[in-house]
$ cat query-v8.cif   # mmCIF, N, CA and C atoms
data_structure
#
loop_
_atom_site.label_atom_id
_atom_site.label_comp_id
_atom_site.auth_asym_id
_atom_site.auth_seq_id
_atom_site.Cartn_x
_atom_site.Cartn_y
_atom_site.Cartn_z
N MET R 1 88.58 92.76 112.78
CA MET R 1 89.96 92.85 113.23
C MET R 1 90.28 94.28 113.61
N THR R 2 90.95 94.43 114.73
CA THR R 2 91.36 95.76 115.17
C THR R 2 92.78 96.03 114.70
N TYR R 3 92.98 97.19 114.11
CA TYR R 3 94.29 97.63 113.66
C TYR R 3 94.78 98.69 114.63
N LYS R 4 96.08 98.64 114.96
CA LYS R 4 96.66 99.61 115.88
C LYS R 4 98.06 99.94 115.42
N LEU R 5 98.41 101.22 115.54
CA LEU R 5 99.77 101.64 115.21
C LEU R 5 100.74 101.18 116.27
N LYS R 6 101.95 100.88 115.86
CA LYS R 6 103.01 100.61 116.81
C LYS R 6 103.35 101.92 117.53
N ASP R 7 103.82 101.81 118.75
CA ASP R 7 104.29 103.00 119.46
C ASP R 7 105.56 103.51 118.79
N GLY R 8 105.84 104.79 118.97
CA GLY R 8 107.10 105.32 118.49
C GLY R 8 107.00 106.19 117.25
N PHE R 9 105.87 106.86 117.09
CA PHE R 9 105.70 107.80 115.98
C PHE R 9 105.16 109.12 116.51
N VAL R 10 105.56 110.19 115.90
CA VAL R 10 104.94 111.49 116.14
C VAL R 10 104.54 112.05 114.78
N VAL R 11 103.43 112.77 114.76
CA VAL R 11 102.97 113.39 113.52
C VAL R 11 103.34 114.86 113.57
N ARG R 12 103.97 115.32 112.52
CA ARG R 12 104.42 116.71 112.43
C ARG R 12 104.00 117.30 111.10
N ARG R 13 103.67 118.56 111.14
CA ARG R 13 103.42 119.30 109.89
C ARG R 13 104.72 120.00 109.54
N ILE R 14 105.21 119.69 108.35
CA ILE R 14 106.45 120.26 107.86
C ILE R 14 106.10 121.02 106.60
N GLY R 15 106.01 122.33 106.74
CA GLY R 15 105.52 123.14 105.62
C GLY R 15 104.08 122.77 105.34
N MET R 16 103.80 122.38 104.13
CA MET R 16 102.45 122.00 103.73
C MET R 16 102.22 120.49 103.84
N GLN R 17 103.23 119.75 104.31
CA GLN R 17 103.13 118.30 104.38
C GLN R 17 102.88 117.82 105.80
N ILE R 18 102.21 116.69 105.90
CA ILE R 18 101.97 116.03 107.18
C ILE R 18 102.82 114.77 107.17
N MET R 19 103.67 114.63 108.16
CA MET R 19 104.59 113.50 108.20
C MET R 19 104.49 112.75 109.52
N ALA R 20 104.48 111.42 109.44
CA ALA R 20 104.60 110.58 110.63
C ALA R 20 106.08 110.23 110.74
N VAL R 21 106.67 110.63 111.84
CA VAL R 21 108.11 110.50 112.02
C VAL R 21 108.39 109.44 113.10
N PRO R 22 109.18 108.42 112.77
CA PRO R 22 109.52 107.43 113.79
C PRO R 22 110.48 108.04 114.81
N VAL R 23 110.30 107.65 116.06
CA VAL R 23 111.18 108.10 117.13
C VAL R 23 111.58 106.89 117.97
N GLY R 24 112.64 107.05 118.73
CA GLY R 24 113.09 105.98 119.61
C GLY R 24 113.42 104.72 118.84
N LYS R 25 112.94 103.58 119.34
CA LYS R 25 113.21 102.27 118.75
C LYS R 25 112.76 102.18 117.29
N GLN R 26 111.70 102.89 116.96
CA GLN R 26 111.17 102.83 115.59
C GLN R 26 112.16 103.34 114.54
N THR R 27 113.08 104.20 114.95
CA THR R 27 114.03 104.73 113.96
C THR R 27 114.92 103.63 113.38
N SER R 28 115.14 102.56 114.15
CA SER R 28 115.95 101.46 113.62
C SER R 28 115.10 100.48 112.80
N GLU R 29 113.79 100.49 113.01
CA GLU R 29 112.91 99.57 112.29
C GLU R 29 112.31 100.18 111.03
N ILE R 30 112.02 101.47 111.07
CA ILE R 30 111.41 102.15 109.93
C ILE R 30 112.32 103.29 109.53
N HIS R 31 112.81 103.22 108.32
CA HIS R 31 113.74 104.24 107.84
C HIS R 31 112.98 105.29 107.05
N GLY R 32 113.10 106.52 107.47
CA GLY R 32 112.41 107.61 106.79
C GLY R 32 111.09 107.94 107.46
N MET R 33 110.39 108.86 106.85
CA MET R 33 109.11 109.32 107.37
C MET R 33 107.99 108.79 106.48
N ILE R 34 106.78 108.81 107.04
CA ILE R 34 105.60 108.40 106.29
C ILE R 34 104.77 109.64 105.99
N ALA R 35 104.60 109.94 104.70
CA ALA R 35 103.81 111.10 104.30
C ALA R 35 102.33 110.78 104.44
N LEU R 36 101.58 111.71 105.00
CA LEU R 36 100.14 111.54 105.20
C LEU R 36 99.37 112.65 104.50
N THR R 37 98.25 112.30 103.92
CA THR R 37 97.32 113.30 103.42
C THR R 37 96.42 113.71 104.59
N GLU R 38 95.54 114.66 104.37
CA GLU R 38 94.60 115.08 105.42
C GLU R 38 93.73 113.91 105.86
N SER R 39 93.23 113.14 104.88
CA SER R 39 92.38 112.00 105.25
C SER R 39 93.20 110.90 105.92
N ALA R 40 94.41 110.69 105.48
CA ALA R 40 95.27 109.69 106.11
C ALA R 40 95.60 110.09 107.56
N GLU R 41 95.71 111.37 107.81
CA GLU R 41 95.96 111.83 109.18
C GLU R 41 94.78 111.48 110.08
N LEU R 42 93.57 111.62 109.58
CA LEU R 42 92.38 111.23 110.35
C LEU R 42 92.44 109.75 110.71
N LEU R 43 92.76 108.93 109.72
CA LEU R 43 92.86 107.50 109.96
C LEU R 43 93.99 107.18 110.91
N TRP R 44 95.12 107.82 110.72
CA TRP R 44 96.29 107.62 111.58
C TRP R 44 95.92 107.89 113.04
N ASN R 45 95.23 109.00 113.27
CA ASN R 45 94.84 109.35 114.64
C ASN R 45 93.91 108.30 115.24
N ALA R 46 93.00 107.76 114.44
CA ALA R 46 92.10 106.72 114.92
C ALA R 46 92.86 105.44 115.24
N LEU R 47 93.91 105.16 114.48
CA LEU R 47 94.70 103.94 114.68
C LEU R 47 95.62 104.02 115.89
N THR R 48 95.79 105.19 116.44
CA THR R 48 96.66 105.34 117.61
C THR R 48 96.14 104.49 118.77
N ASP R 49 94.83 104.49 118.97
CA ASP R 49 94.23 103.70 120.05
C ASP R 49 93.69 102.37 119.55
N GLY R 50 93.70 102.17 118.25
CA GLY R 50 93.18 100.96 117.65
C GLY R 50 91.79 101.20 117.09
N ALA R 51 91.52 100.63 115.94
CA ALA R 51 90.22 100.81 115.29
C ALA R 51 89.95 99.66 114.34
N GLU R 52 88.69 99.33 114.21
CA GLU R 52 88.23 98.34 113.23
C GLU R 52 88.18 99.01 111.85
N GLU R 53 88.31 98.22 110.82
CA GLU R 53 88.25 98.76 109.46
C GLU R 53 86.94 99.50 109.21
N GLU R 54 85.84 98.95 109.72
CA GLU R 54 84.53 99.58 109.52
C GLU R 54 84.48 100.98 110.14
N ALA R 55 85.10 101.14 111.30
CA ALA R 55 85.14 102.45 111.95
C ALA R 55 85.95 103.44 111.13
N LEU R 56 87.02 102.96 110.51
CA LEU R 56 87.84 103.83 109.67
C LEU R 56 87.06 104.27 108.43
N VAL R 57 86.31 103.36 107.85
CA VAL R 57 85.47 103.70 106.68
C VAL R 57 84.45 104.75 107.09
N LYS R 58 83.86 104.60 108.26
CA LYS R 58 82.86 105.56 108.74
C LYS R 58 83.47 106.95 108.92
N ILE R 59 84.69 107.00 109.43
CA ILE R 59 85.38 108.29 109.57
C ILE R 59 85.48 108.99 108.22
N ILE R 60 85.83 108.24 107.19
CA ILE R 60 85.99 108.83 105.86
C ILE R 60 84.63 109.26 105.29
N THR R 61 83.63 108.39 105.39
CA THR R 61 82.33 108.74 104.81
C THR R 61 81.65 109.87 105.58
N ASP R 62 81.91 109.97 106.88
CA ASP R 62 81.33 111.06 107.67
C ASP R 62 82.02 112.40 107.40
N THR R 63 83.28 112.34 106.98
CA THR R 63 84.07 113.56 106.79
C THR R 63 84.04 114.06 105.36
N TYR R 64 84.02 113.14 104.42
CA TYR R 64 84.10 113.50 103.00
C TYR R 64 82.87 112.98 102.25
N GLU R 65 82.56 113.62 101.15
CA GLU R 65 81.46 113.17 100.30
C GLU R 65 81.99 112.08 99.38
N VAL R 66 81.98 110.87 99.90
CA VAL R 66 82.50 109.73 99.15
C VAL R 66 81.63 108.52 99.51
N SER R 67 81.47 107.63 98.54
CA SER R 67 80.65 106.44 98.79
C SER R 67 81.37 105.49 99.74
N GLU R 68 80.59 104.61 100.35
CA GLU R 68 81.16 103.62 101.26
C GLU R 68 82.12 102.69 100.50
N GLU R 69 81.80 102.39 99.26
CA GLU R 69 82.65 101.50 98.46
C GLU R 69 84.02 102.13 98.21
N VAL R 70 84.03 103.39 97.85
CA VAL R 70 85.29 104.10 97.60
C VAL R 70 86.07 104.23 98.91
N ALA R 71 85.39 104.58 99.98
CA ALA R 71 86.05 104.72 101.28
C ALA R 71 86.65 103.40 101.73
N THR R 72 85.93 102.30 101.53
CA THR R 72 86.43 100.98 101.92
C THR R 72 87.70 100.64 101.15
N GLU R 73 87.69 100.89 99.86
CA GLU R 73 88.88 100.61 99.05
C GLU R 73 90.06 101.47 99.48
N ASP R 74 89.81 102.74 99.74
CA ASP R 74 90.89 103.64 100.18
C ASP R 74 91.45 103.21 101.54
N VAL R 75 90.58 102.83 102.46
CA VAL R 75 91.03 102.39 103.79
C VAL R 75 91.87 101.12 103.66
N LYS R 76 91.43 100.18 102.82
CA LYS R 76 92.19 98.95 102.63
C LYS R 76 93.59 99.25 102.08
N LYS R 77 93.67 100.14 101.11
CA LYS R 77 94.98 100.52 100.55
C LYS R 77 95.85 101.18 101.60
N PHE R 78 95.27 102.05 102.42
CA PHE R 78 96.02 102.74 103.47
C PHE R 78 96.56 101.73 104.48
N LEU R 79 95.71 100.81 104.93
CA LEU R 79 96.14 99.80 105.89
C LEU R 79 97.22 98.90 105.31
N GLU R 80 97.08 98.53 104.05
CA GLU R 80 98.08 97.69 103.40
C GLU R 80 99.43 98.41 103.34
N GLY R 81 99.40 99.70 103.02
CA GLY R 81 100.63 100.48 103.00
C GLY R 81 101.30 100.54 104.36
N LEU R 82 100.50 100.71 105.41
CA LEU R 82 101.06 100.74 106.76
C LEU R 82 101.64 99.38 107.16
N LYS R 83 100.98 98.31 106.73
CA LYS R 83 101.51 96.96 107.00
C LYS R 83 102.86 96.78 106.33
N GLU R 84 102.94 97.18 105.06
CA GLU R 84 104.18 97.04 104.30
C GLU R 84 105.32 97.83 104.95
N GLN R 85 104.99 98.98 105.52
CA GLN R 85 106.01 99.81 106.16
C GLN R 85 106.32 99.37 107.58
N GLY R 86 105.57 98.42 108.09
CA GLY R 86 105.81 97.92 109.44
C GLY R 86 105.31 98.82 110.54
N ALA R 87 104.31 99.65 110.24
CA ALA R 87 103.82 100.62 111.22
C ALA R 87 102.67 100.08 112.06
N LEU R 88 102.11 98.93 111.70
CA LEU R 88 100.98 98.37 112.46
C LEU R 88 101.46 97.24 113.36
N GLU R 89 100.78 97.11 114.52
CA GLU R 89 101.09 96.00 115.43
C GLU R 89 100.58 94.71 114.85
#
$ encode --input "query-v8.cif" --output "structure tokens"
Amino acid sequence: MTYKLKDGFVVRRIGMQIMAVPVGKQTSEIHGMIALTESAELLWNALTDGAEEEALVKIITDTYEVSEEVATEDVKKFLEGLKEQGALE
């Protein structure tokens, strides 16, 4: 399954934090900003054009010293959070 972010977000660094900020129509659908970690920002960027879960896991394992099992669990949690917030198509 391919996951893709809905249009209408910009990512901004605010101080030491990375935030995905809804703009335009998204401001009425998603209230507030979505805080991202460094690894979440990598995944977020991949989801802009759409990505399979396996590709997201590979991004994490290629970037960080983490097992595929841990990366898979983290990616699943991240995607579930985005679904709950209504950020995925």
$ atom_distance --input "query-v8.cif" --atom1 "atom N of Lys25 in chain R" --atom2 "CA of Ala51 in chain R"
23.2 Å
$ resolve_selection --input "query-v8.cif" --expression "the PyMOL selection byres (((chain R and resi 4 and name CA) around 12) and name CA)" --output "ChimeraX atom specification"
/R:1-3,5-7,43-53,56,79,82-83,86-89
$ write_last_selection --input "query-v8.cif" --atoms "N, CA and C atoms" --output "PDB file, in the coordinates of the input"
ATOM      1  N   MET R   1      88.580  92.760 112.780  1.00  0.00           N
ATOM      2  CA  MET R   1      89.960  92.850 113.230  1.00  0.00           C
ATOM      3  C   MET R   1      90.280  94.280 113.610  1.00  0.00           C
ATOM      4  N   THR R   2      90.950  94.430 114.730  1.00  0.00           N
ATOM      5  CA  THR R   2      91.360  95.760 115.170  1.00  0.00           C
ATOM      6  C   THR R   2      92.780  96.030 114.700  1.00  0.00           C
ATOM      7  N   TYR R   3      92.980  97.190 114.110  1.00  0.00           N
ATOM      8  CA  TYR R   3      94.290  97.630 113.660  1.00  0.00           C
ATOM      9  C   TYR R   3      94.780  98.690 114.630  1.00  0.00           C
ATOM     10  N   LEU R   5      98.410 101.220 115.540  1.00  0.00           N
ATOM     11  CA  LEU R   5      99.770 101.640 115.210  1.00  0.00           C
ATOM     12  C   LEU R   5     100.740 101.180 116.270  1.00  0.00           C
ATOM     13  N   LYS R   6     101.950 100.880 115.860  1.00  0.00           N
ATOM     14  CA  LYS R   6     103.010 100.610 116.810  1.00  0.00           C
ATOM     15  C   LYS R   6     103.350 101.920 117.530  1.00  0.00           C
ATOM     16  N   ASP R   7     103.820 101.810 118.750  1.00  0.00           N
ATOM     17  CA  ASP R   7     104.290 103.000 119.460  1.00  0.00           C
ATOM     18  C   ASP R   7     105.560 103.510 118.790  1.00  0.00           C
ATOM     19  N   LEU R  43      92.760 108.930 109.720  1.00  0.00           N
ATOM     20  CA  LEU R  43      92.860 107.500 109.960  1.00  0.00           C
ATOM     21  C   LEU R  43      93.990 107.180 110.910  1.00  0.00           C
ATOM     22  N   TRP R  44      95.120 107.820 110.720  1.00  0.00           N
ATOM     23  CA  TRP R  44      96.290 107.620 111.580  1.00  0.00           C
ATOM     24  C   TRP R  44      95.920 107.890 113.040  1.00  0.00           C
ATOM     25  N   ASN R  45      95.230 109.000 113.270  1.00  0.00           N
ATOM     26  CA  ASN R  45      94.840 109.350 114.640  1.00  0.00           C
ATOM     27  C   ASN R  45      93.910 108.300 115.240  1.00  0.00           C
ATOM     28  N   ALA R  46      93.000 107.760 114.440  1.00  0.00           N
ATOM     29  CA  ALA R  46      92.100 106.720 114.920  1.00  0.00           C
ATOM     30  C   ALA R  46      92.860 105.440 115.240  1.00  0.00           C
ATOM     31  N   LEU R  47      93.910 105.160 114.480  1.00  0.00           N
ATOM     32  CA  LEU R  47      94.700 103.940 114.680  1.00  0.00           C
ATOM     33  C   LEU R  47      95.620 104.020 115.890  1.00  0.00           C
ATOM     34  N   THR R  48      95.790 105.190 116.440  1.00  0.00           N
ATOM     35  CA  THR R  48      96.660 105.340 117.610  1.00  0.00           C
ATOM     36  C   THR R  48      96.140 104.490 118.770  1.00  0.00           C
ATOM     37  N   ASP R  49      94.830 104.490 118.970  1.00  0.00           N
ATOM     38  CA  ASP R  49      94.230 103.700 120.050  1.00  0.00           C
ATOM     39  C   ASP R  49      93.690 102.370 119.550  1.00  0.00           C
ATOM     40  N   GLY R  50      93.700 102.170 118.250  1.00  0.00           N
ATOM     41  CA  GLY R  50      93.180 100.960 117.650  1.00  0.00           C
ATOM     42  C   GLY R  50      91.790 101.200 117.090  1.00  0.00           C
ATOM     43  N   ALA R  51      91.520 100.630 115.940  1.00  0.00           N
ATOM     44  CA  ALA R  51      90.220 100.810 115.290  1.00  0.00           C
ATOM     45  C   ALA R  51      89.950  99.660 114.340  1.00  0.00           C
ATOM     46  N   GLU R  52      88.690  99.330 114.210  1.00  0.00           N
ATOM     47  CA  GLU R  52      88.230  98.340 113.230  1.00  0.00           C
ATOM     48  C   GLU R  52      88.180  99.010 111.850  1.00  0.00           C
ATOM     49  N   GLU R  53      88.310  98.220 110.820  1.00  0.00           N
ATOM     50  CA  GLU R  53      88.250  98.760 109.460  1.00  0.00           C
ATOM     51  C   GLU R  53      86.940  99.500 109.210  1.00  0.00           C
ATOM     52  N   LEU R  56      87.020 102.960 110.510  1.00  0.00           N
ATOM     53  CA  LEU R  56      87.840 103.830 109.670  1.00  0.00           C
ATOM     54  C   LEU R  56      87.060 104.270 108.430  1.00  0.00           C
ATOM     55  N   LEU R  79      95.710 100.810 104.930  1.00  0.00           N
ATOM     56  CA  LEU R  79      96.140  99.800 105.890  1.00  0.00           C
ATOM     57  C   LEU R  79      97.220  98.900 105.310  1.00  0.00           C
ATOM     58  N   LEU R  82     100.500 100.710 105.410  1.00  0.00           N
ATOM     59  CA  LEU R  82     101.060 100.740 106.760  1.00  0.00           C
ATOM     60  C   LEU R  82     101.640  99.380 107.160  1.00  0.00           C
ATOM     61  N   LYS R  83     100.980  98.310 106.730  1.00  0.00           N
ATOM     62  CA  LYS R  83     101.510  96.960 107.000  1.00  0.00           C
ATOM     63  C   LYS R  83     102.860  96.780 106.330  1.00  0.00           C
ATOM     64  N   GLY R  86     105.570  98.420 108.090  1.00  0.00           N
ATOM     65  CA  GLY R  86     105.810  97.920 109.440  1.00  0.00           C
ATOM     66  C   GLY R  86     105.310  98.820 110.540  1.00  0.00           C
ATOM     67  N   ALA R  87     104.310  99.650 110.240  1.00  0.00           N
ATOM     68  CA  ALA R  87     103.820 100.620 111.220  1.00  0.00           C
ATOM     69  C   ALA R  87     102.670 100.080 112.060  1.00  0.00           C
ATOM     70  N   LEU R  88     102.110  98.930 111.700  1.00  0.00           N
ATOM     71  CA  LEU R  88     100.980  98.370 112.460  1.00  0.00           C
ATOM     72  C   LEU R  88     101.460  97.240 113.360  1.00  0.00           C
ATOM     73  N   GLU R  89     100.780  97.110 114.520  1.00  0.00           N
ATOM     74  CA  GLU R  89     101.090  96.000 115.430  1.00  0.00           C
ATOM     75  C   GLU R  89     100.580  94.710 114.850  1.00  0.00           C
TER      76      GLU R  89
END
$ atom_distance --input "query-v8.cif" --atom1 "CA of Thr27 in chain R" --atom2 "atom N of Gly15 in chain R"
20.6 Å
$ closest_residue --input "query-v8.cif" --among "R:Ile59, R:Glu84, R:Gly8, R:Ala35" --to "Pro22 in chain R" --atoms "only C-alpha atoms"
R:Gly8
$ atom_distance --input "query-v8.cif" --atom1 "atom C of Met33 in chain R" --atom2 "CA of Val21 in chain R"
5.8 Å
$ residues_around --input "query-v8.cif" --residues "Lys58 in chain R" --least-positions-apart "6" --cutoff "8 Å" --atoms "only N, CA and C atoms" --output "ChimeraX atom specification"
/R:52,64,68,71-72
$ resolve_selection --input "query-v8.cif" --expression "the PyMOL selection byres (((chain R and resi 18 and name CA) around 12) and name CA)" --output "NGL selection string"
:R and (10-17 or 19-21 or 33-42 or 44)
$ select_by_dssp --input "query-v8.cif" --residues "chain R" --states "strand (DSSP E or B)" --output "list in words"
Thr2, Tyr3, Leu5, Phe9, Val10, Val11, Arg12, Arg13, Ile14, Gln17, Ile18, Met19, Ala20, Val21, Pro22, Ile34, Ala35, Leu36, Ala51, Glu52 and Leu88 of chain R
$ axis_aligned_box --input "query-v8.cif" --around "range 16-33 of chain R" --padding-each-side "4 Å" --output "AutoDock Vina command-line options"
--center_x 109.0 --center_y 111.0 --center_z 111.7 --size_x 22.0 --size_y 30.8 --size_z 23.9
$ select_by_dssp --input "query-v8.cif" --residues "chain R" --states "helix (DSSP H, G or I)" --output "VMD selection string"
chain R and resid 26 to 29 38 to 49 53 to 63 68 to 85
$ build_atoms --input "query-v8.cif" --residues "range 48-70 of chain R" --atoms "N, CA, C and O atoms" --output "JSON list (two decimals), keeping the file's coordinate frame"
[["chain", "number", "residue", "atom", "x", "y", "z"],
["R", 48, "THR", "N", 95.79, 105.19, 116.44],
["R", 48, "THR", "CA", 96.66, 105.34, 117.61],
["R", 48, "THR", "C", 96.14, 104.49, 118.77],
["R", 48, "THR", "O", 96.92, 103.84, 119.48],
["R", 49, "ASP", "N", 94.83, 104.49, 118.97],
["R", 49, "ASP", "CA", 94.23, 103.70, 120.05],
["R", 49, "ASP", "C", 93.69, 102.37, 119.55],
["R", 49, "ASP", "O", 93.21, 101.56, 120.34],
["R", 50, "GLY", "N", 93.70, 102.17, 118.25],
["R", 50, "GLY", "CA", 93.18, 100.96, 117.65],
["R", 50, "GLY", "C", 91.79, 101.20, 117.09],
["R", 50, "GLY", "O", 90.99, 101.91, 117.69],
["R", 51, "ALA", "N", 91.52, 100.63, 115.94],
["R", 51, "ALA", "CA", 90.22, 100.81, 115.29],
["R", 51, "ALA", "C", 89.95, 99.66, 114.34],
["R", 51, "ALA", "O", 90.86, 99.11, 113.73],
["R", 52, "GLU", "N", 88.69, 99.33, 114.21],
["R", 52, "GLU", "CA", 88.23, 98.34, 113.23],
["R", 52, "GLU", "C", 88.18, 99.01, 111.85],
["R", 52, "GLU", "O", 87.98, 100.23, 111.75],
["R", 53, "GLU", "N", 88.31, 98.22, 110.82],
["R", 53, "GLU", "CA", 88.25, 98.76, 109.46],
["R", 53, "GLU", "C", 86.94, 99.50, 109.21],
["R", 53, "GLU", "O", 86.93, 100.56, 108.59],
["R", 54, "GLU", "N", 85.84, 98.95, 109.72],
["R", 54, "GLU", "CA", 84.53, 99.58, 109.52],
["R", 54, "GLU", "C", 84.48, 100.98, 110.14],
["R", 54, "GLU", "O", 83.87, 101.89, 109.58],
["R", 55, "ALA", "N", 85.10, 101.14, 111.30],
["R", 55, "ALA", "CA", 85.14, 102.45, 111.95],
["R", 55, "ALA", "C", 85.95, 103.44, 111.13],
["R", 55, "ALA", "O", 85.59, 104.63, 111.03],
["R", 56, "LEU", "N", 87.02, 102.96, 110.51],
["R", 56, "LEU", "CA", 87.84, 103.83, 109.67],
["R", 56, "LEU", "C", 87.06, 104.27, 108.43],
["R", 56, "LEU", "O", 87.13, 105.44, 108.02],
["R", 57, "VAL", "N", 86.31, 103.36, 107.85],
["R", 57, "VAL", "CA", 85.47, 103.70, 106.68],
["R", 57, "VAL", "C", 84.45, 104.75, 107.09],
["R", 57, "VAL", "O", 84.23, 105.73, 106.36],
["R", 58, "LYS", "N", 83.86, 104.60, 108.26],
["R", 58, "LYS", "CA", 82.86, 105.56, 108.74],
["R", 58, "LYS", "C", 83.47, 106.95, 108.92],
["R", 58, "LYS", "O", 82.85, 107.96, 108.60],
["R", 59, "ILE", "N", 84.69, 107.00, 109.43],
["R", 59, "ILE", "CA", 85.38, 108.29, 109.57],
["R", 59, "ILE", "C", 85.48, 108.99, 108.22],
["R", 59, "ILE", "O", 85.20, 110.19, 108.11],
["R", 60, "ILE", "N", 85.83, 108.24, 107.19],
["R", 60, "ILE", "CA", 85.99, 108.83, 105.86],
["R", 60, "ILE", "C", 84.63, 109.26, 105.29],
["R", 60, "ILE", "O", 84.49, 110.37, 104.78],
["R", 61, "THR", "N", 83.63, 108.39, 105.39],
["R", 61, "THR", "CA", 82.33, 108.74, 104.81],
["R", 61, "THR", "C", 81.65, 109.87, 105.58],
["R", 61, "THR", "O", 80.89, 110.64, 104.99],
["R", 62, "ASP", "N", 81.91, 109.97, 106.88],
["R", 62, "ASP", "CA", 81.33, 111.06, 107.67],
["R", 62, "ASP", "C", 82.02, 112.40, 107.40],
["R", 62, "ASP", "O", 81.43, 113.45, 107.57],
["R", 63, "THR", "N", 83.28, 112.34, 106.98],
["R", 63, "THR", "CA", 84.07, 113.56, 106.79],
["R", 63, "THR", "C", 84.04, 114.06, 105.36],
["R", 63, "THR", "O", 84.05, 115.27, 105.11],
["R", 64, "TYR", "N", 84.02, 113.14, 104.42],
["R", 64, "TYR", "CA", 84.10, 113.50, 103.00],
["R", 64, "TYR", "C", 82.87, 112.98, 102.25],
["R", 64, "TYR", "O", 82.25, 112.00, 102.66],
["R", 65, "GLU", "N", 82.56, 113.62, 101.15],
["R", 65, "GLU", "CA", 81.46, 113.17, 100.30],
["R", 65, "GLU", "C", 81.99, 112.08, 99.38],
["R", 65, "GLU", "O", 82.41, 112.34, 98.25],
["R", 66, "VAL", "N", 81.98, 110.87, 99.90],
["R", 66, "VAL", "CA", 82.50, 109.73, 99.15],
["R", 66, "VAL", "C", 81.63, 108.52, 99.51],
["R", 66, "VAL", "O", 81.12, 108.42, 100.62],
["R", 67, "SER", "N", 81.47, 107.63, 98.54],
["R", 67, "SER", "CA", 80.65, 106.44, 98.79],
["R", 67, "SER", "C", 81.37, 105.49, 99.74],
["R", 67, "SER", "O", 82.59, 105.52, 99.89],
["R", 68, "GLU", "N", 80.59, 104.61, 100.35],
["R", 68, "GLU", "CA", 81.16, 103.62, 101.26],
["R", 68, "GLU", "C", 82.12, 102.69, 100.50],
["R", 68, "GLU", "O", 83.15, 102.28, 101.04],
["R", 69, "GLU", "N", 81.80, 102.39, 99.26],
["R", 69, "GLU", "CA", 82.65, 101.50, 98.46],
["R", 69, "GLU", "C", 84.02, 102.13, 98.21],
["R", 69, "GLU", "O", 85.05, 101.47, 98.36],
["R", 70, "VAL", "N", 84.03, 103.39, 97.85],
["R", 70, "VAL", "CA", 85.29, 104.10, 97.60],
["R", 70, "VAL", "C", 86.07, 104.23, 98.91],
["R", 70, "VAL", "O", 87.28, 103.99, 98.95]]
